[in-house]
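Raw entry06.cif, mmCIF, C-alpha atoms:
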data_my_file
#
loop_
_atom_site.group_PDB
_atom_site.id
_atom_site.type_symbol
_atom_site.label_atom_id
_atom_site.label_comp_id
_atom_site.auth_asym_id
_atom_site.auth_seq_id
_atom_site.Cartn_x
_atom_site.Cartn_y
_atom_site.Cartn_z
ATOM 1 C CA MET A 22 -15.657 -11.550 4.560
ATOM 2 C CA SER A 23 -17.262 -13.719 7.185
ATOM 3 C CA THR A 24 -19.901 -15.441 5.051
ATOM 4 C CA PRO A 25 -18.768 -18.848 3.853
ATOM 5 C CA PRO A 26 -18.593 -19.273 0.083
ATOM 6 C CA SER A 27 -21.724 -20.783 -1.478
ATOM 7 C CA ALA A 28 -21.704 -23.999 -3.484
ATOM 8 C CA GLU A 29 -21.898 -21.791 -6.545
ATOM 9 C CA ASP A 30 -18.882 -19.738 -5.467
ATOM 10 C CA LEU A 31 -16.911 -22.930 -5.102
ATOM 11 C CA LEU A 32 -17.943 -24.029 -8.594
ATOM 12 C CA LEU A 33 -16.856 -20.654 -9.946
ATOM 13 C CA ASP A 34 -13.520 -20.892 -8.183
ATOM 14 C CA ARG A 35 -12.948 -24.326 -9.643
ATOM 15 C CA ALA A 36 -13.948 -23.208 -13.153
ATOM 16 C CA LEU A 37 -11.575 -20.251 -12.852
ATOM 17 C CA ALA A 38 -8.810 -22.613 -11.841
ATOM 18 C CA GLY A 39 -9.367 -24.449 -15.108
ATOM 19 C CA ASP A 40 -11.579 -27.276 -13.873
ATOM 20 C CA GLU A 41 -13.668 -28.314 -16.841
ATOM 21 C CA SER A 42 -16.161 -30.386 -14.859
ATOM 22 C CA ALA A 43 -17.057 -27.356 -12.711
ATOM 23 C CA PHE A 44 -17.940 -25.408 -15.846
ATOM 24 C CA VAL A 45 -20.006 -28.319 -17.117
ATOM 25 C CA GLU A 46 -21.906 -28.359 -13.828
ATOM 26 C CA LEU A 47 -22.692 -24.670 -14.195
ATOM 27 C CA VAL A 48 -23.903 -25.187 -17.750
ATOM 28 C CA ASP A 49 -26.046 -28.144 -16.682
ATOM 29 C CA LEU A 50 -27.536 -26.071 -13.915
ATOM 30 C CA TYR A 51 -28.470 -23.077 -16.022
ATOM 31 C CA HIS A 52 -28.648 -24.013 -19.680
ATOM 32 C CA VAL A 53 -32.340 -24.939 -19.707
ATOM 33 C CA PRO A 54 -33.496 -21.921 -17.650
ATOM 34 C CA LEU A 55 -31.457 -19.627 -19.903
ATOM 35 C CA LEU A 56 -32.969 -21.148 -23.031
ATOM 36 C CA ARG A 57 -36.435 -20.729 -21.597
ATOM 37 C CA PHE A 58 -35.619 -17.110 -20.855
ATOM 38 C CA ALA A 59 -34.048 -16.402 -24.271
ATOM 39 C CA ARG A 60 -37.198 -17.740 -25.923
ATOM 40 C CA THR A 61 -39.219 -15.016 -24.244
ATOM 41 C CA PHE A 62 -37.312 -12.524 -26.412
ATOM 42 C CA VAL A 63 -36.541 -14.392 -29.628
ATOM 43 C CA ARG A 64 -39.239 -16.763 -30.730
ATOM 44 C CA GLN A 65 -37.259 -19.086 -32.973
ATOM 45 C CA PRO A 66 -35.827 -21.973 -30.931
ATOM 46 C CA SER A 67 -32.652 -22.079 -33.043
ATOM 47 C CA GLN A 68 -32.086 -18.365 -32.478
ATOM 48 C CA ALA A 69 -32.598 -18.758 -28.741
ATOM 49 C CA GLU A 70 -30.081 -21.599 -28.782
ATOM 50 C CA ASP A 71 -27.580 -19.316 -30.549
ATOM 51 C CA VAL A 72 -28.109 -16.553 -28.038
ATOM 52 C CA VAL A 73 -27.479 -18.845 -25.088
ATOM 53 C CA GLN A 74 -24.394 -20.463 -26.651
ATOM 54 C CA ASP A 75 -23.055 -17.060 -27.400
ATOM 55 C CA ALA A 76 -23.785 -16.016 -23.813
ATOM 56 C CA TRP A 77 -21.811 -18.997 -22.469
ATOM 57 C CA MET A 78 -18.859 -17.859 -24.577
ATOM 58 C CA GLY A 79 -19.280 -14.429 -23.016
ATOM 59 C CA VAL A 80 -19.274 -16.064 -19.591
ATOM 60 C CA LEU A 81 -15.999 -17.826 -20.333
ATOM 61 C CA ARG A 82 -14.432 -14.610 -21.486
ATOM 62 C CA GLY A 83 -15.822 -12.525 -18.625
ATOM 63 C CA LEU A 84 -15.517 -14.975 -15.753
ATOM 64 C CA GLU A 85 -12.242 -13.592 -14.483
ATOM 65 C CA ARG A 86 -13.714 -10.125 -14.317
ATOM 66 C CA PHE A 87 -16.963 -11.164 -12.648
ATOM 67 C CA GLU A 88 -16.898 -9.346 -9.311
ATOM 68 C CA ARG A 89 -19.637 -11.344 -7.590
ATOM 69 C CA ARG A 90 -21.486 -8.275 -6.453
ATOM 70 C CA SER A 91 -24.620 -9.871 -7.872
ATOM 71 C CA SER A 92 -25.267 -13.581 -7.816
ATOM 72 C CA PHE A 93 -23.864 -15.625 -10.669
ATOM 73 C CA LYS A 94 -27.430 -16.439 -11.725
ATOM 74 C CA THR A 95 -28.346 -12.748 -12.020
ATOM 75 C CA TRP A 96 -25.167 -12.034 -13.947
ATOM 76 C CA LEU A 97 -25.932 -14.906 -16.347
ATOM 77 C CA PHE A 98 -29.493 -13.816 -16.968
ATOM 78 C CA ARG A 99 -28.301 -10.275 -17.608
ATOM 79 C CA ILE A 100 -25.826 -11.454 -20.233
ATOM 80 C CA VAL A 101 -28.553 -13.445 -21.959
ATOM 81 C CA ALA A 102 -31.034 -10.554 -21.687
ATOM 82 C CA ASN A 103 -28.583 -8.163 -23.357
ATOM 83 C CA ARG A 104 -27.749 -10.547 -26.173
ATOM 84 C CA ALA A 105 -31.341 -11.611 -26.718
ATOM 85 C CA ARG A 106 -32.474 -8.009 -26.878
ATOM 86 C CA THR A 107 -29.863 -7.137 -29.466
ATOM 87 C CA ARG A 108 -30.994 -10.122 -31.494
ATOM 88 C CA ALA A 109 -34.669 -9.224 -31.111
ATOM 89 C CA VAL A 110 -33.973 -5.700 -32.340
ATOM 90 C CA ARG A 111 -32.294 -7.149 -35.408
ATOM 91 C CA GLU A 112 -35.486 -9.135 -35.991
ATOM 92 C CA GLN A 113 -37.341 -5.840 -35.691
ATOM 93 C CA ARG A 114 -38.911 -6.931 -32.455
ATOM 94 C CA TYR A 115 -38.440 -4.663 -29.526
ATOM 95 C CA VAL A 116 -39.517 -5.454 -26.019
ATOM 96 C CA GLN A 117 -40.740 -2.303 -24.386
ATOM 97 C CA PHE A 118 -40.623 -2.182 -20.600
ATOM 98 C CA GLU A 119 -42.269 1.155 -20.045
ATOM 99 C CA VAL A 120 -45.667 0.666 -18.545
ATOM 100 C CA ASN A 121 -48.869 2.196 -19.745
ATOM 101 C CA GLU A 122 -52.533 1.536 -19.181
ATOM 102 C CA ASP A 123 -53.545 -1.706 -20.801
ATOM 103 C CA GLY A 124 -56.973 -2.105 -19.241
ATOM 104 C CA SER A 125 -56.069 -5.349 -17.530
ATOM 105 C CA ASP A 126 -57.567 -4.524 -14.160
ATOM 106 C CA ASN A 127 -60.603 -6.802 -14.617
ATOM 107 C CA SER A 128 -62.906 -3.817 -14.145
ATOM 108 C CA ASP A 129 -65.848 -5.773 -15.558
ATOM 109 C CA ASN A 130 -65.789 -8.075 -12.585
ATOM 110 C CA PHE A 131 -66.557 -5.367 -10.046
ATOM 111 C CA THR A 132 -69.464 -3.096 -9.195
ATOM 112 C CA PRO A 133 -68.741 0.653 -9.292
ATOM 113 C CA GLU A 134 -68.160 0.406 -5.526
ATOM 114 C CA GLY A 135 -65.432 -2.152 -6.115
ATOM 115 C CA THR A 136 -67.260 -5.260 -4.915
ATOM 116 C CA LEU A 137 -66.955 -8.509 -6.871
ATOM 117 C CA LYS A 138 -70.136 -9.019 -8.876
ATOM 118 C CA ALA A 139 -69.877 -12.775 -8.492
ATOM 119 C CA PRO A 140 -67.251 -15.064 -7.040
ATOM 120 C CA PRO A 141 -64.989 -16.645 -9.685
ATOM 121 C CA ARG A 142 -66.253 -20.094 -10.559
ATOM 122 C CA GLU A 143 -64.471 -23.063 -9.081
ATOM 123 C CA TRP A 144 -61.909 -24.907 -11.179
ATOM 124 C CA ARG A 145 -62.581 -28.484 -12.092
ATOM 125 C CA MET A 146 -59.311 -29.768 -10.663
ATOM 126 C CA THR A 147 -57.861 -29.787 -7.180
ATOM 127 C CA PRO A 148 -54.639 -27.794 -6.633
ATOM 128 C CA GLU A 149 -52.767 -31.107 -6.466
ATOM 129 C CA ARG A 150 -54.156 -32.300 -9.787
ATOM 130 C CA LEU A 151 -53.367 -28.940 -11.396
ATOM 131 C CA LEU A 152 -49.693 -29.511 -10.707
ATOM 132 C CA LEU A 153 -49.588 -33.018 -12.109
ATOM 133 C CA SER A 154 -51.812 -32.760 -15.144
ATOM 134 C CA VAL A 155 -50.282 -32.698 -18.621
ATOM 135 C CA GLU A 156 -53.300 -30.732 -19.790
ATOM 136 C CA THR A 157 -52.707 -27.858 -17.390
ATOM 137 C CA ARG A 158 -49.002 -27.759 -18.272
ATOM 138 C CA ALA A 159 -50.036 -27.071 -21.871
ATOM 139 C CA LEU A 160 -52.574 -24.487 -20.712
ATOM 140 C CA VAL A 161 -49.904 -22.590 -18.796
ATOM 141 C CA ASP A 162 -47.646 -22.579 -21.863
ATOM 142 C CA ALA A 163 -50.469 -21.260 -24.018
ATOM 143 C CA ALA A 164 -51.302 -18.584 -21.428
ATOM 144 C CA LEU A 165 -47.680 -17.424 -21.309
ATOM 145 C CA GLU A 166 -47.526 -17.375 -25.078
ATOM 146 C CA GLN A 167 -50.441 -14.940 -25.181
ATOM 147 C CA LEU A 168 -48.919 -12.431 -22.778
ATOM 148 C CA PRO A 169 -47.410 -9.228 -24.120
ATOM 149 C CA ASP A 170 -43.619 -9.729 -24.387
ATOM 150 C CA ASN A 171 -42.725 -7.501 -21.454
ATOM 151 C CA GLN A 172 -45.139 -9.267 -19.108
ATOM 152 C CA ARG A 173 -43.975 -12.701 -20.244
ATOM 153 C CA VAL A 174 -40.339 -11.792 -19.610
ATOM 154 C CA VAL A 175 -41.052 -10.579 -16.064
ATOM 155 C CA VAL A 176 -43.344 -13.507 -15.172
ATOM 156 C CA THR A 177 -40.733 -15.938 -16.507
ATOM 157 C CA LEU A 178 -37.971 -14.459 -14.365
ATOM 158 C CA ARG A 179 -40.010 -14.023 -11.192
ATOM 159 C CA ASP A 180 -42.393 -16.952 -11.157
ATOM 160 C CA ILE A 181 -40.641 -19.594 -13.238
ATOM 161 C CA GLU A 182 -36.981 -18.866 -12.461
ATOM 162 C CA GLN A 183 -37.735 -17.489 -8.984
ATOM 163 C CA LEU A 184 -35.487 -14.438 -9.186
ATOM 164 C CA ASP A 185 -36.367 -11.759 -6.660
ATOM 165 C CA ALA A 186 -37.640 -8.310 -7.597
ATOM 166 C CA ALA A 187 -34.278 -6.570 -7.244
ATOM 167 C CA ASP A 188 -32.580 -9.163 -9.462
ATOM 168 C CA VAL A 189 -35.232 -8.814 -12.158
ATOM 169 C CA CYS A 190 -34.788 -5.027 -12.168
ATOM 170 C CA ASN A 191 -31.057 -5.592 -12.411
ATOM 171 C CA VAL A 192 -31.304 -8.146 -15.247
ATOM 172 C CA LEU A 193 -33.691 -6.059 -17.337
ATOM 173 C CA GLY A 194 -32.638 -2.570 -16.287
ATOM 174 C CA ILE A 195 -36.179 -1.598 -15.312
ATOM 175 C CA THR A 196 -37.611 0.230 -12.323
ATOM 176 C CA GLU A 197 -39.112 -1.498 -9.324
ATOM 177 C CA THR A 198 -42.516 0.009 -10.121
ATOM 178 C CA ASN A 199 -42.549 -1.232 -13.699
ATOM 179 C CA GLN A 200 -41.423 -4.643 -12.571
ATOM 180 C CA ARG A 201 -44.296 -4.805 -10.087
ATOM 181 C CA VAL A 202 -46.946 -3.629 -12.526
ATOM 182 C CA LEU A 203 -45.820 -5.986 -15.308
ATOM 183 C CA LEU A 204 -45.750 -8.909 -12.871
ATOM 184 C CA HIS A 205 -49.199 -8.114 -11.525
ATOM 185 C CA ARG A 206 -50.695 -7.808 -15.007
ATOM 186 C CA GLY A 207 -48.976 -10.890 -16.326
ATOM 187 C CA ARG A 208 -50.065 -13.037 -13.395
ATOM 188 C CA THR A 209 -53.603 -11.723 -13.627
ATOM 189 C CA LYS A 210 -53.785 -12.706 -17.293
ATOM 190 C CA VAL A 211 -52.286 -16.138 -16.773
ATOM 191 C CA ARG A 212 -54.881 -16.856 -14.077
ATOM 192 C CA ALA A 213 -57.673 -15.572 -16.319
ATOM 193 C CA ALA A 214 -56.537 -17.763 -19.220
ATOM 194 C CA LEU A 215 -56.421 -20.803 -16.950
ATOM 195 C CA ALA A 216 -59.829 -19.944 -15.536
ATOM 196 C CA ALA A 217 -61.335 -19.786 -19.021
ATOM 197 C CA ALA A 218 -60.233 -23.382 -19.611
ATOM 198 C CA LEU A 219 -60.740 -24.816 -16.145
ATOM 199 C CA GLU A 220 -64.079 -23.430 -14.962
ATOM 200 C CA MET B 61 -62.109 -1.689 4.744
ATOM 201 C CA LEU B 62 -60.531 -2.772 1.478
ATOM 202 C CA THR B 63 -62.848 -3.412 -1.452
ATOM 203 C CA CYS B 64 -62.688 -6.565 -3.575
ATOM 204 C CA ARG B 65 -61.083 -4.502 -6.321
ATOM 205 C CA ASP B 66 -58.387 -3.279 -3.908
ATOM 206 C CA VAL B 67 -57.705 -6.853 -2.898
ATOM 207 C CA ALA B 68 -57.475 -8.043 -6.519
ATOM 208 C CA ASN B 69 -54.947 -5.278 -7.148
ATOM 209 C CA LEU B 70 -52.930 -6.217 -4.059
ATOM 210 C CA THR B 71 -53.000 -9.994 -4.516
ATOM 211 C CA SER B 72 -49.743 -10.122 -6.448
ATOM 212 C CA ASP B 73 -47.877 -8.053 -3.834
ATOM 213 C CA TYR B 74 -49.539 -10.038 -1.058
ATOM 214 C CA LEU B 75 -48.278 -13.279 -2.572
ATOM 215 C CA ASN B 76 -44.777 -11.785 -2.780
ATOM 216 C CA LYS B 77 -45.029 -10.806 0.895
ATOM 217 C CA ASP B 78 -44.257 -7.296 -0.284
ATOM 218 C CA LEU B 79 -46.884 -5.444 1.733
ATOM 219 C CA PRO B 80 -46.343 -3.507 4.938
ATOM 220 C CA LEU B 81 -47.856 -5.236 7.964
ATOM 221 C CA TYR B 82 -50.998 -3.144 8.184
ATOM 222 C CA ARG B 83 -51.886 -3.672 4.511
ATOM 223 C CA ARG B 84 -51.053 -7.308 4.718
ATOM 224 C CA LEU B 85 -53.408 -7.835 7.630
ATOM 225 C CA ALA B 86 -56.139 -5.827 5.910
ATOM 226 C CA VAL B 87 -55.895 -8.126 2.864
ATOM 227 C CA ARG B 88 -55.889 -11.152 5.138
ATOM 228 C CA LEU B 89 -59.004 -9.918 6.921
ATOM 229 C CA HIS B 90 -60.813 -9.376 3.624
ATOM 230 C CA LEU B 91 -59.855 -12.869 2.437
ATOM 231 C CA LEU B 92 -61.286 -14.334 5.632
ATOM 232 C CA MET B 93 -64.629 -12.663 5.034
ATOM 233 C CA CYS B 94 -65.061 -12.789 1.271
ATOM 234 C CA VAL B 95 -65.648 -16.113 -0.465
ATOM 235 C CA GLY B 96 -65.085 -14.673 -3.940
ATOM 236 C CA CYS B 97 -61.750 -13.005 -3.183
ATOM 237 C CA ASN B 98 -60.625 -16.032 -1.255
ATOM 238 C CA ARG B 99 -61.270 -18.238 -4.265
ATOM 239 C CA TYR B 100 -59.504 -15.762 -6.562
ATOM 240 C CA TYR B 101 -56.537 -15.755 -4.220
ATOM 241 C CA ALA B 102 -56.425 -19.569 -4.088
ATOM 242 C CA GLN B 103 -56.519 -19.736 -7.899
ATOM 243 C CA MET B 104 -53.732 -17.185 -8.139
ATOM 244 C CA ARG B 105 -51.691 -19.231 -5.705
ATOM 245 C CA SER B 106 -52.258 -22.354 -7.820
ATOM 246 C CA THR B 107 -51.230 -20.404 -10.905
ATOM 247 C CA LEU B 108 -47.936 -19.426 -9.276
ATOM 248 C CA ALA B 109 -47.350 -22.995 -8.115
ATOM 249 C CA MET B 110 -47.767 -24.203 -11.715
ATOM 250 C CA LEU B 111 -45.312 -21.597 -12.974
ATOM 251 C CA ARG B 112 -42.783 -22.480 -10.293
ATOM 252 C CA LYS B 113 -43.043 -26.133 -11.305
ATOM 253 C CA ILE B 114 -41.995 -25.285 -14.873
ATOM 254 C CA GLY B 115 -38.810 -23.830 -13.415
ATOM 255 C CA GLU B 116 -38.018 -27.149 -11.785
ATOM 256 C CA GLU B 117 -37.936 -28.932 -15.132
ATOM 257 C CA THR B 118 -34.334 -29.171 -16.163
ATOM 258 C CA THR B 119 -32.830 -31.670 -18.489
ATOM 259 C CA ALA B 120 -29.107 -31.844 -18.692
ATOM 260 C CA ASP B 121 -28.344 -32.551 -22.302
ATOM 261 C CA SER B 122 -25.782 -29.793 -22.548
ATOM 262 C CA SER B 123 -22.697 -31.444 -21.032
ATOM 263 C CA ASP B 124 -20.912 -32.394 -24.240
ATOM 264 C CA ARG B 125 -21.357 -28.996 -25.755
ATOM 265 C CA ALA B 126 -20.189 -27.356 -22.538
ATOM 266 C CA ARG B 127 -17.001 -29.404 -22.559
ATOM 267 C CA GLU B 128 -16.348 -28.435 -26.147
ATOM 268 C CA LEU B 129 -16.894 -24.739 -25.407
ATOM 269 C CA PHE B 130 -14.605 -24.864 -22.424
ATOM 270 C CA ARG B 131 -11.815 -26.600 -24.318
ATOM 271 C CA SER B 132 -12.004 -24.339 -27.338
ATOM 272 C CA HIS B 133 -11.854 -21.327 -25.034
ATOM 273 C CA ARG B 134 -8.831 -22.603 -23.137
ATOM 274 C CA ASN B 135 -7.030 -23.415 -26.337
ATOM 275 C CA SER B 136 -7.741 -20.055 -27.923
#

Could you write out this structure as structure tokens?
Amino acid sequence: MSTPPSAEDLLLDRALAGDESAFVELVDLYHVPLLRFARTFVRQPSQAEDVVQDAWMGVLRGLERFERRSSFKTWLFRIVANRARTRAVREQRYVQFEVNEDGSDNSDNFTPEGTLKAPPREWRMTPERLLLSVETRALVDAALEQLPDNQRVVVTLRDIEQLDAADVCNVLGITETNQRVLLHRGRTKVRAALAAALE
Amino acid sequence: MLTCRDVANLTSDYLNKDLPLYRRLAVRLHLLMCVGCNRYYAQMRSTLAMLRKIGEETTADSSDRARELFRSHRNS
């Protein structure tokens, strides 16, 4: 192995050697993202909290067997995904990742030849303001909330947590094609929801 | 030439830099010529920037619980 160990590898090594502060650093790094992710499956905050706590226990138990073929982050998200899905099933909610037509291709916006009928209207905030405004932060939350579960899960992993496509497929056990379609549809809907409020 | 509909369908992949060179340039060319698609693309880019920003919000209030978990595991 010629690649030097990453900062994360070093943290893992220290945690494995029994260094409590290294484990705390890992939890600090990932607890909030994992909670955010768990909430995309189980809606009740207390349930999501349970799932993530439980996942951290799983991490402690499984750490010695973690082979580092995927990144630690991917491994973590997969543990949470599996536990959250089991929990969601118990709540009679099931997140379906198979893709079918959902009519979200904005066909109304185009002529039969595929040309935009009219340009989208401009938003009333500059890109810089969009990022700083408390109002738009709430709009994004509301837009995510309205997405179908499968699209929200994929958008959360790709665009909020910045996992790459292969990692998302790995975490959720879905195909590359489904991942792409769900991401495209989810993003399209988030933009449309923002547009409705910002035009 | 790509249509506006084609470009709307490719925007997500374009933003991921997931398109082969030829496609990528064809989208780019369309965006240079079409005000509407260009605006759509800019709004999509803003949307992704807002989502990415959510991911940067982390508050570390978990340390105590983490310590507890770690200790209880080591003692078990």

Quick one: which residues end up in the PyMOL selection byres ((chain B) within 9 of (chain A)) for this structure, as a PyMOL selection string?
chain B and resi 63-66+68-73+94-100+102-104+106-127+129-131+133-134

Could you work out an axis-aligned bounding box for all listed atoms of range 84-96 of chain B, with 3 Å added on each of the six sides, and give its centre and edge lengths in Å to one decimal, as JSON?
{"center_x": -58.4, "center_y": -11.0, "center_z": 1.8, "size_x": 20.6, "size_y": 16.3, "size_z": 17.6}

Find the spatial neighbours of range 114-123 of chain A, counting all atoms listed in the file, within a cut-off of 7 Å - ignore same-chain residues fewer than 6 positions away - and output them as a list of chain:residue names.
A:Asp170, A:Asn171, A:Ile195, A:Asn199

Atomic distance CA of Phe87 in chain A - CA of Arg99 in chain A, expressed in Å with one decimal:
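Those two atoms sit 12.4 Å apart.
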
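Between CA of Met61 in chain B and CA of Leu79 in chain B the separation is 16.0 Å.
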
Interatomic distance, CA of Leu33 in chain A to CA of Glu85 in chain A (Å, one decimal):
9.6 Å

Spatial neighbours of Asp75 in chain A, 9 Å, only C-alpha atoms, chain gap at least 5 places, as a ChimeraX atom specification
/A:70,80,101,104

Could you give me, as a list in words, the residues that sit within 8 Å of (-59.8, -2.3, 4.8) in the file's coordinates, counting all atoms listed in the file?
Met61, Leu62, Thr63, Ala86, Val87, Leu89 and His90 of chain B

List every protein, DNA or RNA residue with an atom no more than 10 Å from (-28.6, -10.4, -9.3) in the file's coordinates, counting all atoms listed in the file, and format the result as a PyMOL selection string.
chain A and resi 89-99+184-192
